[in-house]
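Comments concern the structure below.
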Amino acid sequence: MNPDFFNNIHEIIFTTNAENEEIALNEIKKLSPSAKLIKRFKKGICLVNIDESFTQFYDKLNGKNLIFIRHIFPVHSITNHHNSTDVIENFVVNEFLDSEMSDVSDKSKSFSVQCRVFSDESDLTPAEISKNISDLIISQGYTLNVSEPYQIISVLLDNSDFYIGYSLSKHNISDWNGGNIKFAKDENVISRAEFKLLEAIVSFDLKKYLKNTAVDLGASPGGFTKILCDYCDKVYAVDPAVLDERVLKNKKVIHKKMTSQQFFRENNEQFNCITNDMKMDMYDSIDIIIDSHEYLEKDGIIIMTLKLPKNNQMKKVNKGLEILNKKYTILYARQLFHNRSEITVVLTK
C-alpha cells in the first residue's frame, strides 16, 4: 500500500465498552494530545478528530497502548444521508473502485463490508447495505471474506450523515464489525469464559504458542480448560472446586484439586501456557502470575484477565502492568468484546 494513502485522514471512529468511553478517549488523547470528540453516535461509539494523519497515529499503536478501544476505522468520506440504498451503494463502490483508492482496493486481496446503522428515520438495515455493496464489488472481480478480510469498507449511518472508511483489517484493531466478535452457538458450552479465551486466541493470533502442556489456574468449572484441550497435549486444571463432568472426561485433563499456590509449591514442571481467569483482586492475581515465572517455558505465554476495580481503573491498570513488566514482556493488553469488568493480558518471558 502507498504510505501516503492515509496522510489526509484526520478523523477516526472508535468503539469501546460504554462504561469506559472516557478512559478510551483519554487513551487516544495520550497518543494524539489535541484529539477532540466530534460526535457520539451512541455511548461507546464516537467520532474523533486527531491532530496528525491516520498514518502517523497508526504508527504509534502497539498491543498495549489502546487497552480500552476495541475497534477503529479511518473516515475517508462524510456525506449527507440519503435514505436510498442505491445512493449509498453507488457512492461507496465508485469511491472504492476509483483510481485514487487503487492502493487499498487490491482485487487479489479479500474484502468485507461492515455496516452499522444508528437512525430512527432510516428503513435501511446493516445487513441490506452490506449485502448490496458486497454484491456490486464482487461483480467487479473482488473476493468476499467476511470472517478474515484483508481489506474492509466500513459504513456507519446515523440520522443525518453516513461515514465511510477504507482500510486494511490490521488498521482496525479488530477485523470484526465494531470489534464485536461472534462465535457459533454451541450447546456444549460450559461457561462464558470459553468465549473470552477463544477471542484472545483469535484476536492476538496465539495458536502458534499453544502446544505441549498448559496449566489453567482457577479452572472451575472448566471453560478455559476445555478450550486449551483443543490446542495442547495435556492440561492441568488447578482448582479446589468441582470441574464440569464434560471436562473431566477429557483424557488430556489432569484435575489438581488445590489452590494455585499449593500447585506451584508441589510442581517441578514447566509449561508452554499458563492461564488465569480467577475472580480475585487484580494485584493478588498479579502476585500469583509473578510467582509463576519460573514455571513458564522460554517460548511460552501467559493469558490472564485482570479484574477492574470500581475506581481509578486506568491508574490501577497501569500500575498492574508496570508490576508485570518487571518479570514479563507484555505482548497485548485489551478489553475484548467478551470481557466485562476486566481486561485480557498476554505475557511472555
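Please note that chains go A, B, ... in the order of the C-alpha cells, that every chain numbers its residues from 1, and that ligands are numbered from 1 in the order shown.
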
Spatial neighbours of Arg334 (chain A), max dist 8 Å, only C-alpha atoms, sep filter under 3 positions, as a compact mmCIF listing (two decimals) with C-alpha atoms, in the first residue's frame:
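Final output, out04.txt:
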# COMPACT_ATOMS: atom_id res chain seq x y z
CA GLY A 63 -0.62 -4.21 21.51
CA LYS A 64 -0.94 -2.42 24.82
CA LEU A 66 -5.12 1.27 23.37
CA ILE A 67 -6.38 -1.07 26.08
CA PHE A 68 -10.00 0.04 26.21
CA ILE A 69 -10.55 0.58 22.48
CA ARG A 70 -11.93 -2.44 20.65
CA ILE A 343 -9.06 -6.78 30.53
CA THR A 344 -7.16 -9.62 28.90
CA VAL A 345 -3.36 -9.57 29.11

List every residue of region 51-187 of chain A that DSSP, applied to the backbone of this structure, places in strand (DSSP E), and write the result as a PyMOL selection string.
-> chain A and resi 69-74+77-80+111-118+151-158+161-168

Would you save the residues of that selection, restricted to N, CA and C atoms, as an mmCIF file, in the first residue's frame?
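File again34.cif, as written:
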data_model
loop_
_atom_site.group_PDB
_atom_site.id
_atom_site.type_symbol
_atom_site.label_atom_id
_atom_site.label_comp_id
_atom_site.auth_asym_id
_atom_site.auth_seq_id
_atom_site.Cartn_x
_atom_site.Cartn_y
_atom_site.Cartn_z
ATOM 1 N N ILE A 69 -9.941 0.383 23.794
ATOM 2 C CA ILE A 69 -10.546 0.577 22.479
ATOM 3 C C ILE A 69 -10.575 -0.762 21.743
ATOM 4 N N ARG A 70 -11.762 -1.141 21.288
ATOM 5 C CA ARG A 70 -11.931 -2.443 20.652
ATOM 6 C C ARG A 70 -11.785 -2.386 19.136
ATOM 7 N N HIS A 71 -12.089 -1.231 18.568
ATOM 8 C CA HIS A 71 -12.154 -1.146 17.103
ATOM 9 C C HIS A 71 -12.033 0.308 16.689
ATOM 10 N N ILE A 72 -11.343 0.553 15.578
ATOM 11 C CA ILE A 72 -11.303 1.888 14.993
ATOM 12 C C ILE A 72 -11.405 1.749 13.474
ATOM 13 N N PHE A 73 -11.836 2.819 12.834
ATOM 14 C CA PHE A 73 -11.642 2.876 11.381
ATOM 15 C C PHE A 73 -11.448 4.322 10.953
ATOM 16 N N PRO A 74 -10.541 4.542 9.978
ATOM 17 C CA PRO A 74 -10.297 5.894 9.475
ATOM 18 C C PRO A 74 -11.454 6.326 8.587
ATOM 19 N N SER A 77 -14.807 9.592 4.022
ATOM 20 C CA SER A 77 -15.887 10.407 3.464
ATOM 21 C C SER A 77 -17.020 10.560 4.469
ATOM 22 N N ILE A 78 -17.542 11.776 4.556
ATOM 23 C CA ILE A 78 -18.750 12.045 5.334
ATOM 24 C C ILE A 78 -19.737 12.691 4.370
ATOM 25 N N THR A 79 -20.873 12.053 4.161
ATOM 26 C CA THR A 79 -21.819 12.501 3.143
ATOM 27 C C THR A 79 -23.213 12.585 3.729
ATOM 28 N N ASN A 80 -23.983 13.560 3.276
ATOM 29 C CA ASN A 80 -25.353 13.687 3.757
ATOM 30 C C ASN A 80 -26.105 12.391 3.542
ATOM 31 N N PHE A 111 -12.060 -8.893 0.691
ATOM 32 C CA PHE A 111 -12.646 -7.701 1.292
ATOM 33 C C PHE A 111 -13.881 -8.085 2.109
ATOM 34 N N SER A 112 -14.299 -7.142 2.942
ATOM 35 C CA SER A 112 -15.559 -7.274 3.668
ATOM 36 C C SER A 112 -16.176 -5.884 3.781
ATOM 37 N N VAL A 113 -17.495 -5.841 3.845
ATOM 38 C CA VAL A 113 -18.203 -4.584 4.100
ATOM 39 C C VAL A 113 -18.814 -4.677 5.493
ATOM 40 N N GLN A 114 -18.511 -3.703 6.328
ATOM 41 C CA GLN A 114 -19.021 -3.693 7.698
ATOM 42 C C GLN A 114 -19.868 -2.446 7.896
ATOM 43 N N CYS A 115 -21.100 -2.640 8.303
ATOM 44 C CA CYS A 115 -22.045 -1.532 8.380
ATOM 45 C C CYS A 115 -22.731 -1.492 9.732
ATOM 46 N N ARG A 116 -22.901 -0.287 10.263
ATOM 47 C CA ARG A 116 -23.704 -0.057 11.474
ATOM 48 C C ARG A 116 -24.670 1.088 11.194
ATOM 49 N N VAL A 117 -25.877 0.980 11.706
ATOM 50 C CA VAL A 117 -26.907 1.993 11.486
ATOM 51 C C VAL A 117 -27.418 2.495 12.830
ATOM 52 N N PHE A 118 -27.372 3.814 13.014
ATOM 53 C CA PHE A 118 -27.927 4.459 14.208
ATOM 54 C C PHE A 118 -28.907 5.526 13.737
ATOM 55 N N GLN A 151 -9.006 -6.476 3.490
ATOM 56 C CA GLN A 151 -9.346 -5.059 3.448
ATOM 57 C C GLN A 151 -10.827 -4.889 3.761
ATOM 58 N N ILE A 152 -11.168 -3.738 4.315
ATOM 59 C CA ILE A 152 -12.519 -3.528 4.826
ATOM 60 C C ILE A 152 -13.068 -2.186 4.350
ATOM 61 N N ILE A 153 -14.325 -2.206 3.920
ATOM 62 C CA ILE A 153 -15.088 -0.981 3.702
ATOM 63 C C ILE A 153 -16.006 -0.834 4.906
ATOM 64 N N SER A 154 -15.874 0.254 5.633
ATOM 65 C CA SER A 154 -16.701 0.495 6.828
ATOM 66 C C SER A 154 -17.719 1.581 6.525
ATOM 67 N N VAL A 155 -18.974 1.321 6.879
ATOM 68 C CA VAL A 155 -20.049 2.298 6.693
ATOM 69 C C VAL A 155 -20.794 2.456 8.007
ATOM 70 N N LEU A 156 -20.920 3.695 8.459
ATOM 71 C CA LEU A 156 -21.721 3.992 9.646
ATOM 72 C C LEU A 156 -22.751 5.033 9.260
ATOM 73 N N LEU A 157 -24.006 4.704 9.463
ATOM 74 C CA LEU A 157 -25.115 5.555 9.059
ATOM 75 C C LEU A 157 -25.840 6.058 10.291
ATOM 76 N N ASP A 158 -25.975 7.390 10.414
ATOM 77 C CA ASP A 158 -26.762 7.926 11.530
ATOM 78 C C ASP A 158 -27.903 8.771 10.957
ATOM 79 N N ASP A 161 -25.997 11.771 8.530
ATOM 80 C CA ASP A 161 -24.863 11.534 7.649
ATOM 81 C C ASP A 161 -24.498 10.058 7.610
ATOM 82 N N PHE A 162 -23.745 9.703 6.570
ATOM 83 C CA PHE A 162 -23.088 8.402 6.646
ATOM 84 C C PHE A 162 -21.594 8.595 6.466
ATOM 85 N N TYR A 163 -20.858 7.764 7.191
ATOM 86 C CA TYR A 163 -19.409 7.861 7.295
ATOM 87 C C TYR A 163 -18.816 6.608 6.665
ATOM 88 N N ILE A 164 -17.847 6.808 5.760
ATOM 89 C CA ILE A 164 -17.281 5.697 5.024
ATOM 90 C C ILE A 164 -15.771 5.663 5.228
ATOM 91 N N GLY A 165 -15.258 4.476 5.494
ATOM 92 C CA GLY A 165 -13.825 4.320 5.676
ATOM 93 C C GLY A 165 -13.287 3.153 4.877
ATOM 94 N N TYR A 166 -12.047 3.272 4.432
ATOM 95 C CA TYR A 166 -11.351 2.216 3.719
ATOM 96 C C TYR A 166 -10.077 1.908 4.492
ATOM 97 N N SER A 167 -9.807 0.636 4.703
ATOM 98 C CA SER A 167 -8.613 0.286 5.471
ATOM 99 C C SER A 167 -8.260 -1.169 5.246
ATOM 100 N N LEU A 168 -7.055 -1.529 5.609
ATOM 101 C CA LEU A 168 -6.708 -2.931 5.754
ATOM 102 C C LEU A 168 -7.210 -3.371 7.121
#

Please identify all polymer residues within 8 Å of Phe264 (chain A), counting only C-alpha atoms, omitting same-chain residues fewer than 4 positions from it, and present them as JSON, numbers by chain.
-> {"A": [260, 268, 292]}

Please provide as a PyMOL selection string all residues within 12 Å of Ala35 (chain A), with the sequence filter that same-chain residues fewer than 4 positions apart are discarded (counting only C-alpha atoms).
-> chain A and resi 10-12+24-31+47-54+57

What does the file look like for those residues with N, CA and C atoms, as a CSV table (one decimal), in the first residue's frame?
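Result written to again.csv:
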chain,number,residue,atom,x,y,z
A,10,HIS,N,-7.9,12.6,9.0
A,10,HIS,CA,-7.7,13.1,10.4
A,10,HIS,C,-8.9,12.8,11.3
A,11,GLU,N,-9.7,11.9,10.9
A,11,GLU,CA,-10.9,11.5,11.7
A,11,GLU,C,-11.0,10.0,11.8
A,12,ILE,N,-11.3,9.5,13.0
A,12,ILE,CA,-11.5,8.1,13.2
A,12,ILE,C,-12.7,7.9,14.0
A,24,ALA,N,-11.3,5.4,27.2
A,24,ALA,CA,-10.8,5.2,25.9
A,24,ALA,C,-10.5,6.5,25.2
A,25,LEU,N,-11.2,7.5,25.4
A,25,LEU,CA,-10.9,8.8,24.8
A,25,LEU,C,-9.6,9.4,25.3
A,26,ASN,N,-9.4,9.2,26.6
A,26,ASN,CA,-8.1,9.6,27.1
A,26,ASN,C,-6.9,8.9,26.6
A,27,GLU,N,-7.1,7.6,26.2
A,27,GLU,CA,-6.1,6.8,25.6
A,27,GLU,C,-5.7,7.4,24.2
A,28,ILE,N,-6.7,7.8,23.5
A,28,ILE,CA,-6.5,8.4,22.2
A,28,ILE,C,-5.7,9.7,22.4
A,29,LYS,N,-6.2,10.5,23.4
A,29,LYS,CA,-5.5,11.8,23.6
A,29,LYS,C,-4.1,11.7,24.1
A,30,LYS,N,-3.8,10.5,24.7
A,30,LYS,CA,-2.4,10.3,25.1
A,30,LYS,C,-1.5,10.1,23.9
A,31,LEU,N,-2.1,9.5,22.8
A,31,LEU,CA,-1.3,9.3,21.6
A,31,LEU,C,-1.4,10.6,20.7
A,47,LEU,N,-16.9,9.6,17.1
A,47,LEU,CA,-16.1,10.2,16.1
A,47,LEU,C,-15.1,11.2,16.7
A,48,VAL,N,-13.8,11.0,16.4
A,48,VAL,CA,-12.8,11.8,17.0
A,48,VAL,C,-11.9,12.4,15.9
A,49,ASN,N,-11.6,13.7,16.0
A,49,ASN,CA,-10.6,14.3,15.2
A,49,ASN,C,-9.2,14.2,15.8
A,50,ILE,N,-8.2,13.8,15.1
A,50,ILE,CA,-6.8,13.7,15.6
A,50,ILE,C,-6.0,14.7,14.9
A,51,ASP,N,-4.9,15.1,15.6
A,51,ASP,CA,-4.1,16.3,15.1
A,51,ASP,C,-3.1,15.9,14.1
A,52,GLU,N,-2.8,14.6,14.0
A,52,GLU,CA,-1.9,14.1,12.9
A,52,GLU,C,-2.6,13.3,11.9
A,53,SER,N,-1.9,12.8,10.9
A,53,SER,CA,-2.6,11.9,9.9
A,53,SER,C,-2.9,10.5,10.6
A,54,PHE,N,-3.8,9.8,9.9
A,54,PHE,CA,-4.0,8.4,10.4
A,54,PHE,C,-2.8,7.6,10.3
A,57,PHE,N,-0.8,8.3,13.4
A,57,PHE,CA,-1.5,7.8,14.5
A,57,PHE,C,-1.3,6.3,14.6

Measure the distance from CA of Asn62 (chain A) to CA of Asn172 (chain A) in Å and round it to one decimal.
-> 12.4 Å

Picked from region 120-187 of chain A by DSSP as helix (DSSP H, G or I), as a VMD selection string | chain A and resid 126 to 138 169 to 172 177 to 179

Could the residues in this selection be saved with C-alpha atoms as a PDB file, in the first residue's frame?
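Wrote it out as out.pdb, contents follow:
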ATOM      1  CA  PRO A 126     -26.921  -3.055   8.137  1.00  0.00           C
ATOM      2  CA  ALA A 127     -27.354  -6.457   6.507  1.00  0.00           C
ATOM      3  CA  GLU A 128     -29.085  -4.977   3.449  1.00  0.00           C
ATOM      4  CA  ILE A 129     -26.475  -2.286   2.944  1.00  0.00           C
ATOM      5  CA  SER A 130     -23.576  -4.717   3.400  1.00  0.00           C
ATOM      6  CA  LYS A 131     -25.005  -7.310   1.049  1.00  0.00           C
ATOM      7  CA  ASN A 132     -25.901  -4.877  -1.731  1.00  0.00           C
ATOM      8  CA  ILE A 133     -22.494  -3.185  -1.617  1.00  0.00           C
ATOM      9  CA  SER A 134     -20.703  -6.546  -1.441  1.00  0.00           C
ATOM     10  CA  ASP A 135     -22.622  -7.925  -4.422  1.00  0.00           C
ATOM     11  CA  LEU A 136     -21.635  -4.927  -6.539  1.00  0.00           C
ATOM     12  CA  ILE A 137     -17.965  -5.225  -5.582  1.00  0.00           C
ATOM     13  CA  ILE A 138     -17.969  -8.983  -6.187  1.00  0.00           C
ATOM     14  CA  SER A 169      -8.152  -5.087   8.518  1.00  0.00           C
ATOM     15  CA  LYS A 170      -4.968  -4.700  10.586  1.00  0.00           C
ATOM     16  CA  HIS A 171      -5.665  -0.945  10.836  1.00  0.00           C
ATOM     17  CA  ASN A 172      -8.976  -1.547  12.606  1.00  0.00           C
ATOM     18  CA  ASN A 177     -17.518  -5.085  12.801  1.00  0.00           C
ATOM     19  CA  GLY A 178     -17.149  -2.716  15.733  1.00  0.00           C
ATOM     20  CA  GLY A 179     -14.911  -5.300  17.396  1.00  0.00           C
TER      21      GLY A 179
END

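In terms of minimum interatomic distance to Asp284 (chain A), A:Leu324 ranks closest within A:Asn8, A:His255, A:Leu324, A:Ile303, counting only C-alpha atoms.
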
Option closest in space to Leu336 (chain A), from A:Phe271, A:Tyr283, A:Tyr209, A:Phe204 [counting only C-alpha atoms] = A:Phe204

In Å to one decimal, how far is CA of Val247 (chain A) from CA of Asp299 (chain A)?
-> 26.8 Å

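The coordinates place CA of Gln335 (chain A) at 8.2 Å from CA of Asn17 (chain A).
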